[in-house]
$ cat upload09.csv   # CSV, C-alpha atoms
chain,number,residue,atom,x,y,z
A,15,MET,CA,-69.0,-8.0,-8.5
A,16,SER,CA,-67.1,-10.5,-10.7
A,17,GLU,CA,-63.5,-11.4,-10.2
A,18,ARG,CA,-62.5,-9.7,-13.5
A,19,VAL,CA,-64.2,-6.4,-12.5
A,20,ARG,CA,-62.7,-6.5,-9.1
A,21,TRP,CA,-59.2,-7.1,-10.6
A,22,TRP,CA,-59.6,-4.1,-13.0
A,23,ALA,CA,-60.8,-1.9,-10.1
A,24,VAL,CA,-57.6,-2.8,-8.1
A,25,VAL,CA,-55.4,-2.2,-11.1
A,26,LEU,CA,-57.0,1.2,-11.9
A,27,VAL,CA,-56.7,2.4,-8.3
A,28,ASN,CA,-53.0,1.4,-8.3
A,29,ILE,CA,-52.5,3.2,-11.6
A,30,VAL,CA,-54.0,6.4,-10.1
A,31,PHE,CA,-51.8,6.1,-7.0
A,32,LEU,CA,-48.6,5.5,-9.1
A,33,LEU,CA,-49.1,8.2,-11.7
A,34,GLY,CA,-50.5,10.8,-9.2
A,35,GLY,CA,-47.9,10.1,-6.5
A,36,GLN,CA,-45.0,10.0,-8.9
A,37,SER,CA,-45.9,13.2,-10.8
A,38,VAL,CA,-46.5,15.2,-7.6
A,39,ALA,CA,-43.4,13.9,-5.9
A,40,SER,CA,-41.1,14.7,-8.8
A,41,PHE,CA,-42.6,18.2,-9.0
A,42,LEU,CA,-42.2,18.9,-5.3
A,43,GLY,CA,-38.7,17.5,-5.4
A,44,ARG,CA,-37.7,20.1,-7.9
A,45,ILE,CA,-39.4,22.8,-5.9
A,46,TYR,CA,-37.5,21.7,-2.8
A,47,TYR,CA,-34.2,22.4,-4.6
A,48,ASP,CA,-35.3,25.6,-6.3
A,49,GLN,CA,-36.5,27.1,-3.0
A,50,GLY,CA,-33.2,26.6,-1.2
A,51,GLY,CA,-33.2,22.9,-0.1
A,52,ARG,CA,-29.8,21.3,-0.5
A,53,SER,CA,-29.8,18.2,1.6
A,54,LEU,CA,-29.5,15.2,-0.7
A,55,TRP,CA,-30.0,12.8,2.2
A,56,MET,CA,-33.2,14.6,3.3
A,57,ALA,CA,-34.5,14.4,-0.3
A,58,THR,CA,-33.7,10.7,-0.1
A,59,VAL,CA,-35.4,10.2,3.4
A,60,VAL,CA,-38.7,11.6,2.3
A,61,GLN,CA,-38.9,9.0,-0.6
A,62,SER,CA,-39.4,6.2,2.0
A,63,CYS,CA,-40.2,7.7,5.4
A,64,GLY,CA,-44.0,7.8,4.7
A,65,THR,CA,-44.3,4.1,5.6
A,66,PRO,CA,-46.3,4.7,8.9
A,67,LEU,CA,-49.2,5.8,6.7
A,68,ALA,CA,-49.5,2.2,5.5
A,69,VAL,CA,-49.9,0.8,9.0
A,70,PRO,CA,-53.7,1.1,9.1
A,71,LEU,CA,-54.1,-0.7,5.8
A,72,LEU,CA,-51.5,-3.4,6.8
A,73,LEU,CA,-53.4,-4.1,10.0
A,74,TYR,CA,-56.8,-4.1,8.1
A,75,PHE,CA,-55.7,-6.6,5.5
A,76,ARG,CA,-53.9,-8.8,8.1
A,77,ARG,CA,-57.2,-9.3,9.9
A,78,ARG,CA,-58.9,-10.5,6.8
A,79,PRO,CA,-59.0,-14.3,6.2
A,80,ARG,CA,-56.2,-15.7,4.1
A,81,SER,CA,-55.7,-18.8,2.1
A,82,THR,CA,-54.2,-21.7,4.0
A,83,ALA,CA,-53.0,-23.4,0.9
A,84,VAL,CA,-50.0,-21.1,0.6
A,85,THR,CA,-47.2,-21.8,3.0
A,86,ARG,CA,-45.4,-18.7,4.3
A,87,PRO,CA,-41.6,-18.7,3.8
A,88,PRO,CA,-39.3,-18.8,6.8
A,89,LEU,CA,-39.2,-15.4,8.7
A,90,LEU,CA,-35.4,-15.1,8.3
A,91,LYS,CA,-35.6,-15.6,4.5
A,92,ILE,CA,-38.3,-13.1,4.0
A,93,SER,CA,-36.7,-10.6,6.4
A,94,ALA,CA,-33.4,-10.8,4.4
A,95,ILE,CA,-35.3,-10.2,1.1
A,96,TYR,CA,-37.1,-7.2,2.4
A,97,ALA,CA,-33.9,-5.8,4.0
A,98,GLY,CA,-32.1,-6.3,0.7
A,99,LEU,CA,-34.8,-4.6,-1.3
A,100,GLY,CA,-34.7,-1.7,1.2
A,101,VAL,CA,-31.0,-1.2,0.8
A,102,LEU,CA,-31.4,-1.2,-3.0
A,103,LEU,CA,-34.3,1.3,-2.7
A,104,ALA,CA,-32.3,3.6,-0.5
A,105,ALA,CA,-29.4,3.6,-3.1
A,106,ASP,CA,-31.9,4.2,-5.9
A,107,ASN,CA,-33.6,7.0,-4.1
A,108,LEU,CA,-30.2,8.7,-3.4
A,109,MET,CA,-29.2,8.5,-7.1
A,110,TYR,CA,-32.6,10.0,-8.0
A,111,SER,CA,-32.0,12.8,-5.5
A,112,TYR,CA,-28.7,13.7,-7.1
A,113,ALA,CA,-30.2,13.4,-10.6
A,114,LEU,CA,-33.1,15.8,-9.8
A,115,LEU,CA,-30.6,18.3,-8.3
A,116,TYR,CA,-28.3,18.2,-11.3
A,117,LEU,CA,-30.9,18.1,-14.1
A,118,PRO,CA,-33.9,20.2,-15.2
A,119,LEU,CA,-37.2,18.3,-14.6
A,120,SER,CA,-37.9,18.0,-18.4
A,121,THR,CA,-34.5,16.4,-19.1
A,122,TYR,CA,-34.7,14.2,-15.9
A,123,SER,CA,-38.2,12.9,-17.0
A,124,LEU,CA,-37.0,12.0,-20.5
A,125,ILE,CA,-34.0,10.1,-19.3
A,126,CYS,CA,-36.1,8.2,-16.7
A,127,ALA,CA,-38.2,6.7,-19.5
A,128,THR,CA,-35.2,4.4,-20.2
A,129,GLN,CA,-36.3,2.4,-17.2
A,130,LEU,CA,-38.8,0.6,-19.5
A,131,SER,CA,-35.9,-0.6,-21.7
A,132,PHE,CA,-33.9,-1.8,-18.7
A,133,ASN,CA,-37.0,-3.5,-17.2
A,134,ALA,CA,-37.7,-5.3,-20.5
A,135,VAL,CA,-34.2,-6.9,-20.3
A,136,PHE,CA,-34.5,-7.8,-16.6
A,137,SER,CA,-38.0,-9.2,-17.0
A,138,TYR,CA,-36.7,-11.4,-19.8
A,139,PHE,CA,-34.0,-13.0,-17.7
A,140,LEU,CA,-35.6,-12.9,-14.2
A,141,ASN,CA,-39.3,-13.1,-14.9
A,142,LYS,CA,-39.4,-15.1,-18.2
A,143,GLU,CA,-41.2,-12.3,-20.0
A,144,LYS,CA,-41.4,-12.7,-23.8
A,145,PHE,CA,-39.1,-10.4,-25.9
A,146,THR,CA,-41.1,-9.8,-29.1
A,147,ALA,CA,-40.3,-7.5,-32.0
A,148,LEU,CA,-42.5,-4.8,-30.7
A,149,ILE,CA,-40.9,-4.8,-27.3
A,150,LEU,CA,-37.5,-4.8,-28.9
A,151,ASN,CA,-38.6,-1.8,-31.0
A,152,SER,CA,-39.8,-0.1,-27.8
A,153,VAL,CA,-36.4,-0.7,-26.1
A,154,VAL,CA,-34.5,0.7,-29.1
A,155,LEU,CA,-36.6,3.8,-29.4
A,156,LEU,CA,-36.5,4.7,-25.7
A,157,THR,CA,-32.7,4.2,-25.8
A,158,PHE,CA,-32.4,6.6,-28.7
A,159,SER,CA,-34.6,9.1,-26.9
A,160,ALA,CA,-32.3,9.1,-23.9
A,161,ALA,CA,-29.2,9.3,-26.2
A,162,LEU,CA,-30.6,12.3,-27.9
A,163,VAL,CA,-31.1,14.1,-24.6
A,164,GLY,CA,-27.5,13.1,-23.6
A,165,VAL,CA,-25.8,14.5,-26.6
A,166,SER,CA,-27.8,17.7,-26.7
A,167,HIS,CA,-27.1,18.9,-23.2
A,168,GLY,CA,-25.3,22.0,-24.4
A,169,SER,CA,-28.6,23.5,-25.4
A,170,ASP,CA,-30.3,22.8,-22.1
A,171,GLY,CA,-31.9,25.9,-20.6
A,172,THR,CA,-34.0,26.4,-17.4
A,173,ASN,CA,-34.9,28.8,-14.7
A,174,SER,CA,-34.4,26.1,-12.1
A,175,SER,CA,-31.4,26.3,-9.8
A,176,VAL,CA,-29.4,23.6,-11.6
A,177,PRO,CA,-25.6,23.5,-10.8
A,178,GLU,CA,-23.3,24.3,-13.7
A,179,GLY,CA,-21.2,21.6,-15.3
A,180,LYS,CA,-23.1,18.7,-13.5
A,181,PHE,CA,-25.1,17.5,-16.6
A,182,PRO,CA,-22.8,14.5,-17.4
A,183,LEU,CA,-23.0,13.3,-13.8
A,184,GLY,CA,-26.7,13.9,-13.6
A,185,PHE,CA,-27.3,12.0,-16.8
A,186,ALA,CA,-25.2,9.0,-15.6
A,187,LEU,CA,-27.0,9.0,-12.2
A,188,THR,CA,-30.4,9.2,-13.8
A,189,LEU,CA,-29.6,6.3,-16.2
A,190,SER,CA,-28.1,4.2,-13.3
A,191,ALA,CA,-31.1,4.9,-11.1
A,192,SER,CA,-33.5,3.9,-13.9
A,193,ALA,CA,-31.6,0.7,-14.3
A,194,LEU,CA,-31.6,-0.1,-10.6
A,195,PHE,CA,-35.3,0.8,-10.3
A,196,SER,CA,-36.1,-1.7,-13.1
A,197,LEU,CA,-34.1,-4.4,-11.4
A,198,ILE,CA,-35.9,-3.7,-8.1
A,199,LEU,CA,-39.3,-4.1,-9.8
A,200,SER,CA,-38.2,-7.4,-11.4
A,201,LEU,CA,-36.9,-8.7,-8.0
A,202,MET,CA,-40.2,-7.8,-6.4
A,203,GLN,CA,-42.1,-9.7,-9.0
A,204,LEU,CA,-39.7,-12.6,-8.5
A,205,THR,CA,-40.4,-12.5,-4.8
A,206,PHE,CA,-44.2,-12.6,-5.3
A,207,ASP,CA,-44.0,-15.5,-7.8
A,208,LYS,CA,-41.3,-17.7,-6.3
A,209,VAL,CA,-41.0,-16.9,-2.6
A,210,LEU,CA,-44.3,-15.6,-1.3
A,211,LYS,CA,-46.3,-17.5,-4.1
A,212,SER,CA,-49.1,-15.1,-3.4
A,213,ASP,CA,-50.1,-11.6,-4.5
A,214,THR,CA,-52.9,-10.7,-2.0
A,215,LEU,CA,-53.3,-7.1,-0.9
A,216,TYR,CA,-51.8,-8.0,2.5
A,217,ASP,CA,-48.6,-9.4,0.8
A,218,VAL,CA,-48.4,-6.2,-1.3
A,219,MET,CA,-48.7,-4.0,1.8
A,220,GLU,CA,-46.3,-6.1,3.8
A,221,MET,CA,-43.6,-5.9,1.1
A,222,GLN,CA,-44.2,-2.2,0.7
A,223,PHE,CA,-44.0,-1.5,4.5
A,224,TRP,CA,-41.0,-3.5,5.4
A,225,SER,CA,-38.8,-2.8,2.3
A,226,ASN,CA,-39.5,0.9,2.6
A,227,THR,CA,-38.9,0.9,6.4
A,228,ALA,CA,-35.5,-0.7,5.7
A,229,ALA,CA,-34.9,2.0,3.0
A,230,ALA,CA,-35.9,4.7,5.5
A,231,VAL,CA,-33.5,3.4,8.2
A,232,VAL,CA,-30.6,3.3,5.7
A,233,SER,CA,-31.5,6.9,4.5
A,234,VAL,CA,-31.7,8.3,8.0
A,235,ALA,CA,-28.4,6.7,8.9
A,236,GLY,CA,-26.9,8.3,5.8
A,237,LEU,CA,-28.4,11.7,6.9
A,238,PHE,CA,-26.6,11.5,10.2
A,239,ILE,CA,-23.3,9.8,9.1
A,240,SER,CA,-22.9,12.4,6.3
A,241,GLY,CA,-23.4,15.3,8.8
A,242,GLU,CA,-26.1,16.9,6.7
A,243,TRP,CA,-28.5,16.7,9.7
A,244,SER,CA,-26.6,19.6,11.4
A,245,SER,CA,-27.3,21.9,8.5
A,246,LEU,CA,-31.1,21.3,8.4
A,247,ASP,CA,-31.9,24.2,10.8
A,248,GLY,CA,-30.1,26.6,8.6
A,249,GLU,CA,-31.7,25.1,5.5
A,250,MET,CA,-35.1,25.6,7.0
A,251,ASP,CA,-34.3,29.2,8.0
A,252,GLY,CA,-33.0,30.0,4.5
A,253,TYR,CA,-35.9,28.4,2.6
A,254,LYS,CA,-37.3,31.1,0.3
A,255,LYS,CA,-41.0,30.3,1.0
A,256,GLY,CA,-40.5,30.1,4.8
A,257,LYS,CA,-40.3,27.3,7.4
A,258,VAL,CA,-44.0,26.2,7.1
A,259,ALA,CA,-43.6,25.8,3.3
A,260,TYR,CA,-40.3,23.9,3.9
A,261,GLY,CA,-42.1,21.4,6.2
A,262,MET,CA,-45.2,21.1,4.0
A,263,THR,CA,-43.0,20.5,0.9
A,264,LEU,CA,-41.2,17.6,2.6
A,265,ALA,CA,-44.4,16.2,4.2
A,266,TRP,CA,-46.4,16.2,0.9
A,267,THR,CA,-43.4,14.7,-0.9
A,268,ALA,CA,-43.3,11.9,1.5
A,269,ILE,CA,-47.0,11.3,1.2
A,270,SER,CA,-46.8,11.4,-2.6
A,271,TRP,CA,-43.9,8.9,-2.7
A,272,GLN,CA,-45.9,6.6,-0.4
A,273,LEU,CA,-48.9,6.6,-2.7
A,274,ALA,CA,-46.7,6.0,-5.7
A,275,THR,CA,-44.9,3.1,-3.9
A,276,VAL,CA,-48.2,1.4,-2.9
A,277,GLY,CA,-49.5,1.8,-6.5
A,278,MET,CA,-46.2,0.4,-7.9
A,279,MET,CA,-46.1,-2.7,-5.8
A,280,GLY,CA,-49.8,-3.3,-6.3
A,281,LEU,CA,-49.3,-3.3,-10.1
A,282,VAL,CA,-46.2,-5.6,-9.8
A,283,ALA,CA,-48.3,-8.1,-7.8
A,284,ALA,CA,-51.5,-7.8,-9.9
A,285,VAL,CA,-49.9,-7.7,-13.4
A,286,SER,CA,-46.1,-7.6,-13.9
A,287,SER,CA,-43.0,-5.4,-13.3
A,288,LEU,CA,-42.9,-4.6,-17.0
A,289,PHE,CA,-46.5,-3.4,-17.0
A,290,THR,CA,-45.7,-1.3,-14.0
A,291,ASN,CA,-42.8,0.4,-15.8
A,292,VAL,CA,-45.0,1.1,-18.8
A,293,ILE,CA,-47.6,2.8,-16.6
A,294,SER,CA,-44.9,4.9,-14.8
A,295,THR,CA,-43.8,6.2,-18.2
A,296,VAL,CA,-47.3,7.3,-19.2
A,297,GLY,CA,-46.5,10.7,-17.7
A,298,LEU,CA,-43.5,11.1,-20.1
A,299,PRO,CA,-45.3,13.4,-22.5
A,300,LEU,CA,-46.6,15.6,-19.7
A,301,SER,CA,-43.6,16.1,-17.4
A,302,PRO,CA,-41.5,18.1,-19.9
A,303,ILE,CA,-44.5,20.3,-20.7
A,304,VAL,CA,-45.2,20.9,-17.0
A,305,ALA,CA,-41.5,21.7,-16.5
A,306,VAL,CA,-41.6,24.3,-19.3
A,307,ILE,CA,-44.7,26.0,-17.7
A,308,PHE,CA,-43.6,26.0,-14.0
A,309,PHE,CA,-39.8,25.9,-14.1
A,310,GLY,CA,-39.0,27.7,-17.4
A,311,ASP,CA,-37.2,24.7,-19.0
A,312,ARG,CA,-36.2,25.2,-22.6
A,313,MET,CA,-38.1,22.8,-24.9
A,314,ASP,CA,-35.9,22.9,-28.0
A,315,GLY,CA,-36.3,20.8,-31.2
A,316,VAL,CA,-34.0,17.9,-29.9
A,317,LYS,CA,-36.1,17.5,-26.7
A,318,VAL,CA,-39.3,17.5,-28.7
A,319,LEU,CA,-37.9,14.9,-31.0
A,320,ALA,CA,-36.7,12.8,-28.0
A,321,MET,CA,-40.2,13.1,-26.4
A,322,LEU,CA,-41.9,12.0,-29.6
A,323,ILE,CA,-39.5,9.0,-30.0
A,324,GLY,CA,-40.2,8.1,-26.4
A,325,VAL,CA,-43.9,8.2,-26.9
A,326,TRP,CA,-43.5,6.0,-30.0
A,327,GLY,CA,-41.6,3.5,-28.0
A,328,PHE,CA,-44.2,3.6,-25.3
A,329,LEU,CA,-47.0,3.0,-27.8
A,330,SER,CA,-45.2,0.1,-29.3
A,331,TYR,CA,-45.1,-1.7,-26.0
A,332,ILE,CA,-48.8,-0.9,-25.3
A,333,TYR,CA,-49.7,-2.4,-28.7
A,334,GLN,CA,-47.9,-5.5,-27.8
A,335,HIS,CA,-49.9,-5.8,-24.6
A,336,TYR,CA,-53.1,-5.3,-26.7
A,337,LEU,CA,-52.1,-8.2,-29.0
A,338,ASP,CA,-51.3,-10.4,-26.0
A,339,ASP,CA,-54.6,-9.6,-24.4
A,340,ALA,CA,-56.5,-10.3,-27.6
A,341,LYS,CA,-54.8,-13.6,-28.0
A,342,VAL,CA,-55.7,-14.7,-24.4
A,343,LYS,CA,-59.3,-13.7,-24.9
A,344,LYS,CA,-59.4,-15.7,-28.1
A,345,ILE,CA,-58.0,-18.8,-26.4
A,346,LEU,CA,-60.5,-18.5,-23.5
A,347,ALA,CA,-63.4,-18.0,-25.9
A,348,GLU,CA,-62.3,-21.2,-27.9
A,349,ARG,CA,-62.0,-23.2,-24.7
A,350,LEU,CA,-65.5,-22.0,-23.5
A,351,ALA,CA,-67.0,-22.9,-26.9
A,352,ASP,CA,-65.4,-26.4,-26.7
A,353,ASP,CA,-66.7,-26.9,-23.1
A,354,ASP,CA,-70.2,-26.0,-24.3
A,355,GLU,CA,-70.0,-28.3,-27.2
A,356,HIS,CA,-68.8,-31.2,-25.0
A,357,GLN,CA,-71.6,-30.5,-22.5
A,358,THR,CA,-74.2,-30.5,-25.4
A,359,VAL,CA,-72.9,-33.8,-26.7
A,360,LYS,CA,-73.0,-35.3,-23.2
A,361,LEU,CA,-76.6,-34.3,-22.7
A,362,ASN,CA,-77.7,-35.6,-26.1
A,363,THR,CA,-76.0,-39.0,-25.4
A,364,GLU,CA,-77.8,-39.3,-22.1

$ encode --input "upload09.csv" --output "structure tokens"
Amino acid sequence: MSERVRWWAVVLVNIVFLLGGQSVASFLGRIYYDQGGRSLWMATVVQSCGTPLAVPLLLYFRRRPRSTAVTRPPLLKISAIYAGLGVLLAADNLMYSYALLYLPLSTYSLICATQLSFNAVFSYFLNKEKFTALILNSVVLLTFSAALVGVSHGSDGTNSSVPEGKFPLGFALTLSASALFSLILSLMQLTFDKVLKSDTLYDVMEMQFWSNTAAAVVSVAGLFISGEWSSLDGEMDGYKKGKVAYGMTLAWTAISWQLATVGMMGLVAAVSSLFTNVISTVGLPLSPIVAVIFFGDRMDGVKVLAMLIGVWGFLSYIYQHYLDDAKVKKILAERLADDDEHQTVKLNTE
């Protein structure tokens, strides 16, 4: 198997993990609230507590031979980076937990698409990504899409158990969480490029494991400090679908977020943080439709328009990637042709 084919195989597996895990986790998160779940810290804990599932893979990739050309950074330095990323992840997860409680899934999904706009800006300053006219167009369109949702909240309707009068706070928290998530992705890419100077599968799994472990520790501490842990027994007893369904909902949410996180970090390492954000918004056209079918969300004209504008912005960025890829292929083909020509001239001279 060629290196290019192997690279695409890794990228495709990570895309499946990210899209599948993210979609299922958001869906189960909304179900948790609708069926009687009310612990915001528990909803935050399950977003990062699935890290033990990564231990077998971490041990497997650790045993594989690694390049000796790359010098590992000091333990204290890398520990501080992973701990810092974990704290940011815990804060981001908590904001997403509030946002999903305060907003219908369709509205939440549309606003989350703004993370691509934020990431384009962070990638420009932190990762030296190019800011072309098409990317700028994508940023503007996705911003308009979120703004449309924001100004039309009065027409929002849903069968989900969304608290009254919490839309402005939910909108602000979703926007803030999207911005922080984009910053985290750019910081992860910066760590791979400047600190680890490596993007092997072991490096990906190591960052995923330790940063999420730190996030889980912070989240569990929040659960106990807030006092929400004392209400979990009553929450389980009052869960509409029963105790078993309560446990299964939380367990599968944790597993889904774990898969999504592995896919996310794998794509950041293999491609870029900006590409990762583009892939995570692929589900944008589907989430509002799923929300209409399963949660009874109202899909009015403004939401449809916002969704179409968001898709347009997404396609603008995809087209820019297509142009970049075509340019790289052309340069490589020209170099290969030049090498062949030089080799031919050398043989004729001899």

$ atom_distance --input "upload09.csv" --atom1 "atom CA of A:Thr121" --atom2 "atom CA of A:Gln61"
20.4 Å

$ residues_around --input "upload09.csv" --residues "A:Lys142" --least-positions-apart "5" --cutoff "12 Å" --atoms "all atoms listed in the file" --output "PyMOL selection string"
chain A and resi 133-137+200+203-204+207+286-288

$ residues_near_point --input "upload09.csv" --point "(-38.1, -7.4, -7.0)" --cutoff "10 Å" --atoms "only C-alpha atoms" --output "number ranges by chain"
A: 95-96, 98-99, 102, 140-141, 195-206, 221, 279, 282, 287

$ write_last_selection --input "upload09.csv" --atoms "C-alpha atoms" --output "PDB file, keeping the file's coordinate frame"
ATOM      1  CA  ILE A  95     -35.300 -10.200   1.100  1.00  0.00           C
ATOM      2  CA  TYR A  96     -37.100  -7.200   2.400  1.00  0.00           C
ATOM      3  CA  GLY A  98     -32.100  -6.300   0.700  1.00  0.00           C
ATOM      4  CA  LEU A  99     -34.800  -4.600  -1.300  1.00  0.00           C
ATOM      5  CA  LEU A 102     -31.400  -1.200  -3.000  1.00  0.00           C
ATOM      6  CA  LEU A 140     -35.600 -12.900 -14.200  1.00  0.00           C
ATOM      7  CA  ASN A 141     -39.300 -13.100 -14.900  1.00  0.00           C
ATOM      8  CA  PHE A 195     -35.300   0.800 -10.300  1.00  0.00           C
ATOM      9  CA  SER A 196     -36.100  -1.700 -13.100  1.00  0.00           C
ATOM     10  CA  LEU A 197     -34.100  -4.400 -11.400  1.00  0.00           C
ATOM     11  CA  ILE A 198     -35.900  -3.700  -8.100  1.00  0.00           C
ATOM     12  CA  LEU A 199     -39.300  -4.100  -9.800  1.00  0.00           C
ATOM     13  CA  SER A 200     -38.200  -7.400 -11.400  1.00  0.00           C
ATOM     14  CA  LEU A 201     -36.900  -8.700  -8.000  1.00  0.00           C
ATOM     15  CA  MET A 202     -40.200  -7.800  -6.400  1.00  0.00           C
ATOM     16  CA  GLN A 203     -42.100  -9.700  -9.000  1.00  0.00           C
ATOM     17  CA  LEU A 204     -39.700 -12.600  -8.500  1.00  0.00           C
ATOM     18  CA  THR A 205     -40.400 -12.500  -4.800  1.00  0.00           C
ATOM     19  CA  PHE A 206     -44.200 -12.600  -5.300  1.00  0.00           C
ATOM     20  CA  MET A 221     -43.600  -5.900   1.100  1.00  0.00           C
ATOM     21  CA  MET A 279     -46.100  -2.700  -5.800  1.00  0.00           C
ATOM     22  CA  VAL A 282     -46.200  -5.600  -9.800  1.00  0.00           C
ATOM     23  CA  SER A 287     -43.000  -5.400 -13.300  1.00  0.00           C
TER      24      SER A 287
END

$ atom_distance --input "upload09.csv" --atom1 "atom CA of A:Ile239" --atom2 "atom CA of A:Val276"
28.9 Å

$ residues_around --input "upload09.csv" --residues "A:Ala191" --least-positions-apart "5" --cutoff "9 Å" --atoms "all atoms listed in the file" --output "list of chain:residue names"
A:Ala105, A:Asp106, A:Asn107, A:Leu108, A:Met109, A:Tyr110, A:Ala113, A:Cys126, A:Gln129, A:Ala186, A:Ser196

$ write_last_selection --input "upload09.csv" --atoms "C-alpha atoms" --output "compact mmCIF listing (two decimals), in the coordinates of the input"
# COMPACT_ATOMS: atom_id res chain seq x y z
CA ALA A 105 -29.40 3.60 -3.10
CA ASP A 106 -31.90 4.20 -5.90
CA ASN A 107 -33.60 7.00 -4.10
CA LEU A 108 -30.20 8.70 -3.40
CA MET A 109 -29.20 8.50 -7.10
CA TYR A 110 -32.60 10.00 -8.00
CA ALA A 113 -30.20 13.40 -10.60
CA CYS A 126 -36.10 8.20 -16.70
CA GLN A 129 -36.30 2.40 -17.20
CA ALA A 186 -25.20 9.00 -15.60
CA SER A 196 -36.10 -1.70 -13.10

$ atom_distance --input "upload09.csv" --atom1 "atom CA of A:Val318" --atom2 "atom CA of A:Ala161"
13.2 Å

$ residues_around --input "upload09.csv" --residues "A:Leu183" --least-positions-apart "2" --cutoff "12 Å" --atoms "all atoms listed in the file" --output "number ranges by chain"
A: 109-110, 112-117, 122, 164, 167, 177-181, 185-191
